[in-house]
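Source file: upload18.cif (mmCIF, C-alpha atoms)
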data_entry
loop_
_atom_site.group_PDB
_atom_site.id
_atom_site.type_symbol
_atom_site.label_atom_id
_atom_site.label_comp_id
_atom_site.auth_asym_id
_atom_site.auth_seq_id
_atom_site.Cartn_x
_atom_site.Cartn_y
_atom_site.Cartn_z
ATOM 1 C CA MET A 308 9.512 -0.079 -22.640
ATOM 2 C CA THR A 309 11.282 3.238 -22.086
ATOM 3 C CA GLY A 310 10.468 6.315 -20.053
ATOM 4 C CA THR A 311 11.411 9.672 -18.635
ATOM 5 C CA VAL A 312 11.077 10.158 -14.884
ATOM 6 C CA VAL A 313 11.351 13.291 -12.766
ATOM 7 C CA GLU A 314 11.470 12.792 -8.994
ATOM 8 C CA VAL A 315 12.063 15.244 -6.154
ATOM 9 C CA GLY A 316 12.352 14.275 -2.510
ATOM 10 C CA ILE A 317 13.363 15.448 0.918
ATOM 11 C CA GLY A 318 13.986 13.673 4.199
ATOM 12 C CA GLY A 319 15.475 14.207 7.624
ATOM 13 C CA THR A 320 15.594 13.415 11.318
ATOM 14 C CA THR A 321 15.896 15.422 14.508
ATOM 15 C CA PRO A 322 18.796 14.785 16.931
ATOM 16 C CA GLN A 323 18.397 11.597 18.978
ATOM 17 C CA ALA A 324 19.214 13.469 22.182
ATOM 18 C CA THR A 325 16.027 15.534 22.083
ATOM 19 C CA GLY A 326 12.961 14.501 24.092
ATOM 20 C CA THR A 327 10.767 14.471 20.997
ATOM 21 C CA ARG A 328 12.267 12.899 17.877
ATOM 22 C CA TRP A 329 11.001 13.208 14.317
ATOM 23 C CA ARG A 330 11.884 11.537 11.037
ATOM 24 C CA TRP A 331 10.339 12.107 7.640
ATOM 25 C CA ASP A 332 10.684 11.320 3.955
ATOM 26 C CA LEU A 333 8.698 12.905 1.139
ATOM 27 C CA ALA A 334 8.979 12.280 -2.601
ATOM 28 C CA VAL A 335 6.890 13.288 -5.613
ATOM 29 C CA TYR A 336 7.440 11.822 -9.062
ATOM 30 C CA TYR A 337 6.154 12.016 -12.636
ATOM 31 C CA ALA A 338 6.953 9.419 -15.289
ATOM 32 C CA GLN A 339 6.069 9.356 -18.987
ATOM 33 C CA ILE A 340 6.386 5.772 -20.216
ATOM 34 C CA LYS A 341 6.533 4.583 -23.806
ATOM 35 C CA ASP A 342 5.488 1.030 -24.741
ATOM 36 C CA GLU A 343 4.633 -0.006 -21.174
ATOM 37 C CA ILE A 344 4.154 -3.758 -20.899
ATOM 38 C CA LEU A 345 0.681 -4.633 -19.603
ATOM 39 C CA SER A 346 -1.254 -7.871 -19.283
ATOM 40 C CA ILE A 347 -4.310 -7.689 -21.563
ATOM 41 C CA GLU A 348 -7.008 -10.132 -22.586
ATOM 42 C CA ALA A 349 -6.511 -11.839 -25.939
ATOM 43 C CA ILE A 350 -9.336 -11.164 -28.418
ATOM 44 C CA ASP A 351 -10.725 -13.825 -30.747
ATOM 45 C CA PRO A 352 -10.407 -12.310 -34.241
ATOM 46 C CA GLY A 353 -13.476 -14.212 -35.409
ATOM 47 C CA THR A 354 -15.906 -13.133 -32.707
ATOM 48 C CA GLY A 355 -14.208 -10.012 -31.385
ATOM 49 C CA LEU A 356 -14.730 -11.318 -27.850
ATOM 50 C CA PRO A 357 -12.154 -11.984 -25.111
ATOM 51 C CA THR A 358 -10.800 -15.534 -25.091
ATOM 52 C CA GLY A 359 -10.106 -15.631 -21.339
ATOM 53 C CA THR A 360 -6.351 -15.767 -21.954
ATOM 54 C CA SER A 361 -3.996 -12.984 -20.866
ATOM 55 C CA LEU A 362 -1.156 -11.767 -23.049
ATOM 56 C CA SER A 363 1.711 -9.385 -22.395
ATOM 57 C CA ALA A 364 1.548 -6.452 -24.787
ATOM 58 C CA ASN A 365 2.934 -2.949 -25.210
ATOM 59 C CA VAL A 366 0.649 0.097 -25.006
ATOM 60 C CA ASP A 367 1.723 3.353 -26.602
ATOM 61 C CA ASP A 368 1.880 5.915 -23.792
ATOM 62 C CA THR A 369 1.143 5.904 -20.062
ATOM 63 C CA ILE A 370 1.744 8.254 -17.149
ATOM 64 C CA HIS A 371 2.736 7.224 -13.623
ATOM 65 C CA ALA A 372 2.639 10.031 -11.088
ATOM 66 C CA GLY A 373 2.355 10.090 -7.342
ATOM 67 C CA LEU A 374 3.470 11.041 -3.889
ATOM 68 C CA GLU A 375 5.158 8.899 -1.242
ATOM 69 C CA ALA A 376 5.506 10.100 2.339
ATOM 70 C CA LEU A 377 6.676 8.638 5.632
ATOM 71 C CA VAL A 378 6.390 10.484 8.947
ATOM 72 C CA GLY A 379 7.411 9.065 12.303
ATOM 73 C CA ALA A 380 7.912 10.454 15.783
ATOM 74 C CA SER A 381 8.928 9.377 19.261
ATOM 75 C CA PHE A 382 7.478 11.337 22.204
ATOM 76 C CA ASP A 383 8.996 11.180 25.679
ATOM 77 C CA LEU A 384 6.225 10.459 28.206
ATOM 78 C CA GLY A 385 8.480 10.569 31.248
ATOM 79 C CA GLY A 386 12.192 10.200 31.819
ATOM 80 C CA ASP A 387 12.724 8.543 28.430
ATOM 81 C CA ARG A 388 11.479 5.244 29.918
ATOM 82 C CA HIS A 389 8.006 5.622 28.414
ATOM 83 C CA ARG A 390 7.656 6.664 24.790
ATOM 84 C CA LEU A 391 4.795 6.972 22.322
ATOM 85 C CA GLU A 392 5.790 6.354 18.702
ATOM 86 C CA PRO A 393 3.329 7.115 15.886
ATOM 87 C CA LEU A 394 4.251 6.142 12.311
ATOM 88 C CA LEU A 395 2.389 6.948 9.086
ATOM 89 C CA SER A 396 3.165 5.861 5.533
ATOM 90 C CA LEU A 397 1.116 7.414 2.712
ATOM 91 C CA THR A 398 1.111 6.744 -1.035
ATOM 92 C CA LEU A 399 -0.990 8.649 -3.595
ATOM 93 C CA ASN A 400 -1.183 7.198 -7.097
ATOM 94 C CA GLU A 401 -2.212 8.710 -10.419
ATOM 95 C CA PHE A 402 -1.523 6.087 -13.103
ATOM 96 C CA SER A 403 -3.251 6.521 -16.459
ATOM 97 C CA PHE A 404 -3.203 6.024 -20.199
ATOM 98 C CA ASP A 405 -2.044 9.038 -22.192
ATOM 99 C CA SER A 406 -4.371 9.613 -25.176
ATOM 100 C CA ASP A 407 -4.637 5.898 -25.881
ATOM 101 C CA PRO A 408 -6.598 5.007 -29.079
ATOM 102 C CA ALA A 409 -8.838 2.577 -27.160
ATOM 103 C CA TYR A 410 -8.913 3.900 -23.583
ATOM 104 C CA GLY A 411 -8.170 7.622 -23.873
ATOM 105 C CA ASN A 412 -6.886 8.965 -20.541
ATOM 106 C CA ASN A 413 -8.475 6.259 -18.382
ATOM 107 C CA ASP A 414 -6.861 5.266 -15.119
ATOM 108 C CA LEU A 415 -4.744 2.135 -15.136
ATOM 109 C CA PRO A 416 -6.451 -0.622 -13.142
ATOM 110 C CA ALA A 417 -5.219 -2.402 -9.998
ATOM 111 C CA ALA A 418 -3.336 0.577 -8.488
ATOM 112 C CA PRO A 419 -5.326 2.084 -5.585
ATOM 113 C CA THR A 420 -5.876 5.841 -5.520
ATOM 114 C CA TYR A 421 -4.203 5.906 -2.089
ATOM 115 C CA ALA A 422 -2.679 3.598 0.491
ATOM 116 C CA ALA A 423 -2.167 4.702 4.086
ATOM 117 C CA ARG A 424 -0.588 2.496 6.737
ATOM 118 C CA GLY A 425 0.295 3.410 10.258
ATOM 119 C CA GLU A 426 0.624 2.524 13.909
ATOM 120 C CA LEU A 427 0.674 4.118 17.348
ATOM 121 C CA ILE A 428 3.061 2.153 19.541
ATOM 122 C CA TYR A 429 3.818 2.571 23.240
ATOM 123 C CA ARG A 430 7.375 1.516 24.154
ATOM 124 C CA HIS A 431 8.914 0.959 27.575
ATOM 125 C CA ALA A 432 12.620 1.014 28.328
ATOM 126 C CA SER A 433 12.353 -2.639 29.426
ATOM 127 C CA GLY A 434 11.700 -3.607 25.787
ATOM 128 C CA PHE A 435 7.913 -4.020 25.991
ATOM 129 C CA TYR A 436 5.826 -2.422 23.239
ATOM 130 C CA ALA A 437 2.155 -2.478 22.193
ATOM 131 C CA GLY A 438 -0.275 -0.490 20.102
ATOM 132 C CA PRO A 439 -2.890 -0.370 17.324
ATOM 133 C CA THR A 440 -2.187 -0.493 13.585
ATOM 134 C CA PHE A 441 -4.272 0.425 10.538
ATOM 135 C CA ASP A 442 -4.381 -0.003 6.761
ATOM 136 C CA PHE A 443 -6.549 2.268 4.583
ATOM 137 C CA ILE A 444 -6.625 1.323 0.888
ATOM 138 C CA GLY A 445 -8.432 3.380 -1.768
ATOM 139 C CA LYS A 446 -10.605 2.168 -4.632
ATOM 140 C CA ARG A 447 -9.089 0.418 -7.657
ATOM 141 C CA TYR A 448 -10.417 -0.034 -11.158
ATOM 142 C CA VAL A 449 -10.835 -3.610 -12.344
ATOM 143 C CA ASP A 450 -10.619 -2.973 -16.081
ATOM 144 C CA PHE A 451 -8.909 -0.764 -18.641
ATOM 145 C CA ALA A 452 -12.308 0.607 -19.698
ATOM 146 C CA ASN A 453 -12.882 1.907 -16.129
ATOM 147 C CA THR A 454 -16.408 0.497 -15.990
ATOM 148 C CA THR A 455 -16.003 -1.315 -12.640
ATOM 149 C CA ASP A 456 -14.055 -0.509 -9.502
ATOM 150 C CA VAL A 457 -13.322 -2.236 -6.204
ATOM 151 C CA ASP A 458 -14.366 -0.397 -3.068
ATOM 152 C CA SER A 459 -11.866 1.065 -0.641
ATOM 153 C CA TYR A 460 -11.359 -0.756 2.649
ATOM 154 C CA GLN A 461 -10.028 -0.120 6.148
ATOM 155 C CA LEU A 462 -8.319 -2.684 8.369
ATOM 156 C CA LEU A 463 -7.478 -2.353 12.049
ATOM 157 C CA GLY A 464 -4.918 -4.405 13.939
ATOM 158 C CA PHE A 465 -2.898 -4.606 17.111
ATOM 159 C CA ARG A 466 0.659 -5.717 17.795
ATOM 160 C CA CYS A 467 2.741 -6.158 20.921
ATOM 161 C CA GLY A 468 5.928 -7.792 22.099
ATOM 162 C CA ILE A 469 9.027 -7.587 24.211
ATOM 163 C CA SER A 470 12.604 -7.436 22.977
ATOM 164 C CA GLY A 471 16.150 -7.625 24.248
ATOM 165 C CA LYS A 472 19.495 -6.983 22.608
ATOM 166 C CA THR A 473 19.499 -10.213 20.597
ATOM 167 C CA TRP A 474 15.932 -11.529 20.868
ATOM 168 C CA GLU A 475 12.292 -10.587 20.451
ATOM 169 C CA VAL A 476 8.941 -12.264 21.166
ATOM 170 C CA PHE A 477 5.943 -10.719 19.425
ATOM 171 C CA GLY A 478 2.279 -11.152 18.610
ATOM 172 C CA GLU A 479 -0.093 -9.482 16.164
ATOM 173 C CA LEU A 480 -3.829 -9.353 15.518
ATOM 174 C CA ARG A 481 -4.846 -8.460 11.966
ATOM 175 C CA ASN A 482 -8.251 -7.368 10.675
ATOM 176 C CA VAL A 483 -9.649 -7.333 14.209
ATOM 177 C CA THR A 484 -13.104 -6.195 12.995
ATOM 178 C CA ASP A 485 -13.236 -9.139 10.535
ATOM 179 C CA GLU A 486 -13.775 -6.816 7.575
ATOM 180 C CA ASP A 487 -14.828 -8.383 4.246
ATOM 181 C CA TYR A 488 -12.743 -6.950 1.417
ATOM 182 C CA ILE A 489 -11.201 -7.772 -1.949
ATOM 183 C CA ALA A 490 -7.437 -8.136 -1.719
ATOM 184 C CA THR A 491 -6.475 -8.922 -5.330
ATOM 185 C CA PHE A 492 -8.081 -9.559 -8.699
ATOM 186 C CA SER A 493 -7.265 -10.254 -12.337
ATOM 187 C CA VAL A 494 -7.355 -7.229 -14.642
ATOM 188 C CA LEU A 495 -9.765 -7.288 -17.611
ATOM 189 C CA ASN A 496 -10.099 -5.206 -20.747
ATOM 190 C CA GLN A 497 -13.720 -4.505 -19.830
ATOM 191 C CA ALA A 498 -15.554 -5.983 -16.862
ATOM 192 C CA THR A 499 -19.116 -7.289 -17.156
ATOM 193 C CA GLY A 500 -20.028 -7.110 -13.468
ATOM 194 C CA ASN A 501 -20.244 -10.892 -13.157
ATOM 195 C CA ASP A 502 -16.596 -11.843 -13.565
ATOM 196 C CA ALA A 503 -14.901 -14.581 -11.503
ATOM 197 C CA ILE A 504 -11.718 -12.604 -10.948
ATOM 198 C CA TYR A 505 -11.790 -11.550 -7.293
ATOM 199 C CA LEU A 506 -9.835 -12.971 -4.358
ATOM 200 C CA PRO A 507 -10.960 -12.089 -0.801
ATOM 201 C CA GLY A 508 -8.660 -10.697 1.844
ATOM 202 C CA ALA A 509 -7.696 -12.591 4.967
ATOM 203 C CA PRO A 510 -10.246 -12.674 7.820
ATOM 204 C CA ARG A 511 -9.451 -11.917 11.453
ATOM 205 C CA ALA A 512 -6.194 -13.673 12.326
ATOM 206 C CA ALA A 513 -3.607 -13.885 15.100
ATOM 207 C CA TYR A 514 0.136 -14.425 14.714
ATOM 208 C CA VAL A 515 2.889 -15.053 17.241
ATOM 209 C CA GLY A 516 6.604 -15.409 16.697
ATOM 210 C CA ALA A 517 10.123 -14.995 18.008
ATOM 211 C CA ARG A 518 13.468 -13.775 16.705
ATOM 212 C CA ILE A 519 16.910 -14.652 18.002
ATOM 213 C CA GLY A 520 20.160 -13.087 16.771
ATOM 214 C CA PHE A 521 23.565 -14.749 16.857
#
Show me, as structure tokens, the structure contained in the file I just sent.
Amino acid sequence: MTGTVVEVGIGGTTPQATGTRWRWDLAVYYAQIKDEILSIEAIDPGTGLPTGTSLSANVDDTIHAGLEALVGASFDLGGDRHRLEPLLSLTLNEFSFDSDPAYGNNDLPAAPTYAARGELIYRHASGFYAGPTFDFIGKRYVDFANTTDVDSYQLLGFRCGISGKTWEVFGELRNVTDEDYIATFSVLNQATGNDAIYLPGAPRAAYVGARIGF
């Protein structure tokens, strides 16, 4: 596979000495790809129906375009001992066929329309930190024909810990609302609506850990 990619980006930070600190990265890109390698269902030449086996094959032309952004800040809440640090990562995807003989300009499956992840963490000069986290994932098509899609989902979490110069103890709660959602699936040429291809996401879970540097 070959391609032509145009990408433009910008990033920066404010001086660390200021009470409020910012950092950001922003990039937009557009790629025209020739002979992209995709996993497709093999077709039985006798019946014209899928065999249930996936094959790697080249498709003529595809387009991958999108935006990636990261914005973070650190706000002084009093004497630089208390800080509030929001962080947001955002990805927008527009992946599609380009005048394909079978699928026209359909969206490529599996890639969500957007993915947003972030947190709002309180930090104390002693090394303690705590705050909520979130993951917002947009809908994804299941098949090349774009007949079936997977719903968007939203996950909430919480993490906390305390750290020193060479160590850290931390804990995290994930999916605190015990949301039911589809995490991954196998891509089909055309879904029927009754396909055994979906894998569920993890339920509510708690994690604890420690790090030590030498």
Where does segment 337-450 of chain A meet segment 473-479 of chain A within 10 Å, residue by residue, with the nearest atom pair and distance in Å to one decimal for each, counting only C-alpha atoms, listed by chain and rising number, as a Markdown table?
| residue | atom | partner | partner_atom | distance |
| --- | --- | --- | --- | --- |
| A:Gly434 | CA | A:Glu475 | CA | 8.8 |
| A:Phe435 | CA | A:Phe477 | CA | 9.6 |
| A:Tyr436 | CA | A:Phe477 | CA | 9.1 |
| A:Ala437 | CA | A:Gly478 | CA | 9.4 |
| A:Gly438 | CA | A:Glu479 | CA | 9.8 |
| A:Pro439 | CA | A:Glu479 | CA | 9.6 |
| A:Thr440 | CA | A:Glu479 | CA | 9.6 |
Exercise for review: Considering all atoms listed in the file, return as a list of chain:residue names whatever protein or nucleic-acid residues lie within 10 Å of segment 332-335 of chain A, sequence-local ones (same chain, fewer than 4 positions apart) excluded.
Suggested key: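 My list of contacting residues is A:Val313, A:Glu314, A:Val315, A:Gly316, A:Ile317, A:Gly318, A:Gly319, A:Thr320, A:Ala372, A:Gly373, A:Leu374, A:Glu375, A:Ala376, A:Leu377, A:Val378, A:Gly379, A:Ser396, A:Leu397, A:Thr398, A:Leu399.
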Review point. Contacts of segment 456-462 of chain A at 8 Å or less, counting all atoms listed in the file, minus same-chain residues fewer than 5 places along, as a PyMOL selection string?
Key: chain A and resi 441-450+481-484+486+488-489
Point to revise | Computed interatomic separation between atom CA of Ile347 of chain A and atom CA of Val494 of chain A (Å) | key: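 These atoms are spaced 7.6 Å apart.
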Review point. Written as JSON, numbers by chain, which residues does the PyMOL selection byres ((chain A and resi 361) around 8) give for the file shown?
Key: {"A": [346, 347, 348, 349, 359, 360, 362, 363]}
Atoms to include: C-alpha atoms. Write the selected residues as a compact mmCIF listing (two decimals), in the coordinates of the input.
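Result written to result-v7.txt:
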# COMPACT_ATOMS: atom_id res chain seq x y z
CA SER A 346 -1.25 -7.87 -19.28
CA ILE A 347 -4.31 -7.69 -21.56
CA GLU A 348 -7.01 -10.13 -22.59
CA ALA A 349 -6.51 -11.84 -25.94
CA GLY A 359 -10.11 -15.63 -21.34
CA THR A 360 -6.35 -15.77 -21.95
CA LEU A 362 -1.16 -11.77 -23.05
CA SER A 363 1.71 -9.38 -22.40
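Checking A:Phe382, A:Pro416, A:Met308, A:Tyr421 one by one against Ala364 of chain A, counting all atoms listed in the file, you find the shortest gap at A:Met308.
The shortest atom-to-atom distance to Thr499 of chain A, with all atoms listed in the file taken into account, belongs to A:Asn453 out of A:Asn453, A:Gly516, A:Val366, A:Arg511.
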Given the block above, output segment 424-435 of chain A with all heavy atoms as a PDB file, in the first residue's frame.
ATOM      1  N   ARG A 424     -11.174  11.651  25.753  1.00  0.00           N
ATOM      2  CA  ARG A 424     -10.758  11.135  27.054  1.00  0.00           C
ATOM      3  C   ARG A 424     -10.237  12.294  27.889  1.00  0.00           C
ATOM      4  O   ARG A 424      -9.577  13.191  27.358  1.00  0.00           O
ATOM      5  CB  ARG A 424      -9.685  10.061  26.896  1.00  0.00           C
ATOM      6  CG  ARG A 424     -10.174   8.810  26.190  1.00  0.00           C
ATOM      7  CD  ARG A 424      -9.084   7.755  26.055  1.00  0.00           C
ATOM      8  NE  ARG A 424      -9.620   6.481  25.611  1.00  0.00           N
ATOM      9  CZ  ARG A 424      -9.755   6.136  24.335  1.00  0.00           C
ATOM     10  NH1 ARG A 424      -9.373   6.983  23.395  1.00  0.00           N
ATOM     11  NH2 ARG A 424     -10.249   4.960  24.014  1.00  0.00           N
ATOM     12  N   GLY A 425     -10.538  12.256  29.158  1.00  0.00           N
ATOM     13  CA  GLY A 425     -10.089  13.371  29.981  1.00  0.00           C
ATOM     14  C   GLY A 425     -10.132  13.060  31.459  1.00  0.00           C
ATOM     15  O   GLY A 425     -10.575  11.986  31.886  1.00  0.00           O
ATOM     16  N   GLU A 426      -9.680  14.026  32.233  1.00  0.00           N
ATOM     17  CA  GLU A 426      -9.659  13.906  33.688  1.00  0.00           C
ATOM     18  C   GLU A 426      -9.630  15.295  34.300  1.00  0.00           C
ATOM     19  O   GLU A 426      -9.305  16.287  33.631  1.00  0.00           O
ATOM     20  CB  GLU A 426      -8.441  13.101  34.148  1.00  0.00           C
ATOM     21  CG  GLU A 426      -7.111  13.732  33.774  1.00  0.00           C
ATOM     22  CD  GLU A 426      -5.912  12.875  34.145  1.00  0.00           C
ATOM     23  OE1 GLU A 426      -6.072  11.625  34.208  1.00  0.00           O
ATOM     24  OE2 GLU A 426      -4.824  13.448  34.377  1.00  0.00           O
ATOM     25  N   LEU A 427      -9.986  15.356  35.576  1.00  0.00           N
ATOM     26  CA  LEU A 427      -9.926  16.603  36.340  1.00  0.00           C
ATOM     27  C   LEU A 427      -9.314  16.246  37.689  1.00  0.00           C
ATOM     28  O   LEU A 427     -10.015  15.782  38.587  1.00  0.00           O
ATOM     29  CB  LEU A 427     -11.324  17.209  36.499  1.00  0.00           C
ATOM     30  CG  LEU A 427     -11.401  18.551  37.229  1.00  0.00           C
ATOM     31  CD1 LEU A 427     -10.618  19.621  36.483  1.00  0.00           C
ATOM     32  CD2 LEU A 427     -12.848  18.985  37.410  1.00  0.00           C
ATOM     33  N   ILE A 428      -8.022  16.468  37.823  1.00  0.00           N
ATOM     34  CA  ILE A 428      -7.265  15.966  38.963  1.00  0.00           C
ATOM     35  C   ILE A 428      -6.868  17.105  39.905  1.00  0.00           C
ATOM     36  O   ILE A 428      -6.332  18.129  39.469  1.00  0.00           O
ATOM     37  CB  ILE A 428      -5.995  15.227  38.490  1.00  0.00           C
ATOM     38  CG1 ILE A 428      -6.363  14.077  37.559  1.00  0.00           C
ATOM     39  CG2 ILE A 428      -5.195  14.721  39.689  1.00  0.00           C
ATOM     40  CD1 ILE A 428      -7.199  12.998  38.196  1.00  0.00           C
ATOM     41  N   TYR A 429      -7.146  16.906  41.186  1.00  0.00           N
ATOM     42  CA  TYR A 429      -6.638  17.788  42.237  1.00  0.00           C
ATOM     43  C   TYR A 429      -5.290  17.241  42.705  1.00  0.00           C
ATOM     44  O   TYR A 429      -5.143  16.035  42.960  1.00  0.00           O
ATOM     45  CB  TYR A 429      -7.605  17.841  43.416  1.00  0.00           C
ATOM     46  CG  TYR A 429      -6.971  18.399  44.677  1.00  0.00           C
ATOM     47  CD1 TYR A 429      -6.801  19.771  44.843  1.00  0.00           C
ATOM     48  CD2 TYR A 429      -6.524  17.542  45.684  1.00  0.00           C
ATOM     49  CE1 TYR A 429      -6.203  20.277  45.986  1.00  0.00           C
ATOM     50  CE2 TYR A 429      -5.928  18.043  46.830  1.00  0.00           C
ATOM     51  CZ  TYR A 429      -5.766  19.409  46.972  1.00  0.00           C
ATOM     52  OH  TYR A 429      -5.161  19.912  48.096  1.00  0.00           O
ATOM     53  N   ARG A 430      -4.289  18.125  42.822  1.00  0.00           N
ATOM     54  CA  ARG A 430      -2.964  17.727  43.287  1.00  0.00           C
ATOM     55  C   ARG A 430      -2.528  18.610  44.445  1.00  0.00           C
ATOM     56  O   ARG A 430      -2.700  19.822  44.404  1.00  0.00           O
ATOM     57  CB  ARG A 430      -1.925  17.821  42.165  1.00  0.00           C
ATOM     58  CG  ARG A 430      -2.134  16.824  41.052  1.00  0.00           C
ATOM     59  CD  ARG A 430      -0.996  16.844  40.044  1.00  0.00           C
ATOM     60  NE  ARG A 430      -1.273  15.961  38.926  1.00  0.00           N
ATOM     61  CZ  ARG A 430      -1.014  14.655  38.914  1.00  0.00           C
ATOM     62  NH1 ARG A 430      -0.421  14.097  39.978  1.00  0.00           N
ATOM     63  NH2 ARG A 430      -1.296  13.916  37.860  1.00  0.00           N
ATOM     64  N   HIS A 431      -1.938  17.968  45.457  1.00  0.00           N
ATOM     65  CA  HIS A 431      -1.396  18.682  46.604  1.00  0.00           C
ATOM     66  C   HIS A 431       0.116  18.581  46.571  1.00  0.00           C
ATOM     67  O   HIS A 431       0.687  17.615  46.045  1.00  0.00           O
ATOM     68  CB  HIS A 431      -1.935  18.081  47.908  1.00  0.00           C
ATOM     69  CG  HIS A 431      -1.592  18.875  49.122  1.00  0.00           C
ATOM     70  ND1 HIS A 431      -0.459  18.627  49.876  1.00  0.00           N
ATOM     71  CD2 HIS A 431      -2.228  19.934  49.708  1.00  0.00           C
ATOM     72  CE1 HIS A 431      -0.412  19.481  50.876  1.00  0.00           C
ATOM     73  NE2 HIS A 431      -1.467  20.294  50.805  1.00  0.00           N
ATOM     74  N   ALA A 432       0.771  19.581  47.124  1.00  0.00           N
ATOM     75  CA  ALA A 432       2.237  19.611  47.107  1.00  0.00           C
ATOM     76  C   ALA A 432       2.849  18.411  47.833  1.00  0.00           C
ATOM     77  O   ALA A 432       4.000  18.047  47.589  1.00  0.00           O
ATOM     78  CB  ALA A 432       2.737  20.911  47.734  1.00  0.00           C
ATOM     79  N   SER A 433       2.094  17.772  48.709  1.00  0.00           N
ATOM     80  CA  SER A 433       2.586  16.594  49.431  1.00  0.00           C
ATOM     81  C   SER A 433       2.731  15.380  48.525  1.00  0.00           C
ATOM     82  O   SER A 433       3.355  14.384  48.900  1.00  0.00           O
ATOM     83  CB  SER A 433       1.630  16.256  50.579  1.00  0.00           C
ATOM     84  OG  SER A 433       0.353  15.883  50.066  1.00  0.00           O
ATOM     85  N   GLY A 434       2.119  15.435  47.320  1.00  0.00           N
ATOM     86  CA  GLY A 434       2.155  14.305  46.402  1.00  0.00           C
ATOM     87  C   GLY A 434       0.819  13.613  46.241  1.00  0.00           C
ATOM     88  O   GLY A 434       0.652  12.764  45.364  1.00  0.00           O
ATOM     89  N   PHE A 435      -0.177  13.977  47.040  1.00  0.00           N
ATOM     90  CA  PHE A 435      -1.508  13.374  46.925  1.00  0.00           C
ATOM     91  C   PHE A 435      -2.228  13.941  45.706  1.00  0.00           C
ATOM     92  O   PHE A 435      -2.148  15.125  45.401  1.00  0.00           O
ATOM     93  CB  PHE A 435      -2.329  13.662  48.184  1.00  0.00           C
ATOM     94  CG  PHE A 435      -3.765  13.246  48.062  1.00  0.00           C
ATOM     95  CD1 PHE A 435      -4.125  11.919  48.190  1.00  0.00           C
ATOM     96  CD2 PHE A 435      -4.754  14.194  47.812  1.00  0.00           C
ATOM     97  CE1 PHE A 435      -5.460  11.533  48.066  1.00  0.00           C
ATOM     98  CE2 PHE A 435      -6.088  13.817  47.689  1.00  0.00           C
ATOM     99  CZ  PHE A 435      -6.430  12.479  47.819  1.00  0.00           C
TER     100      PHE A 435
END
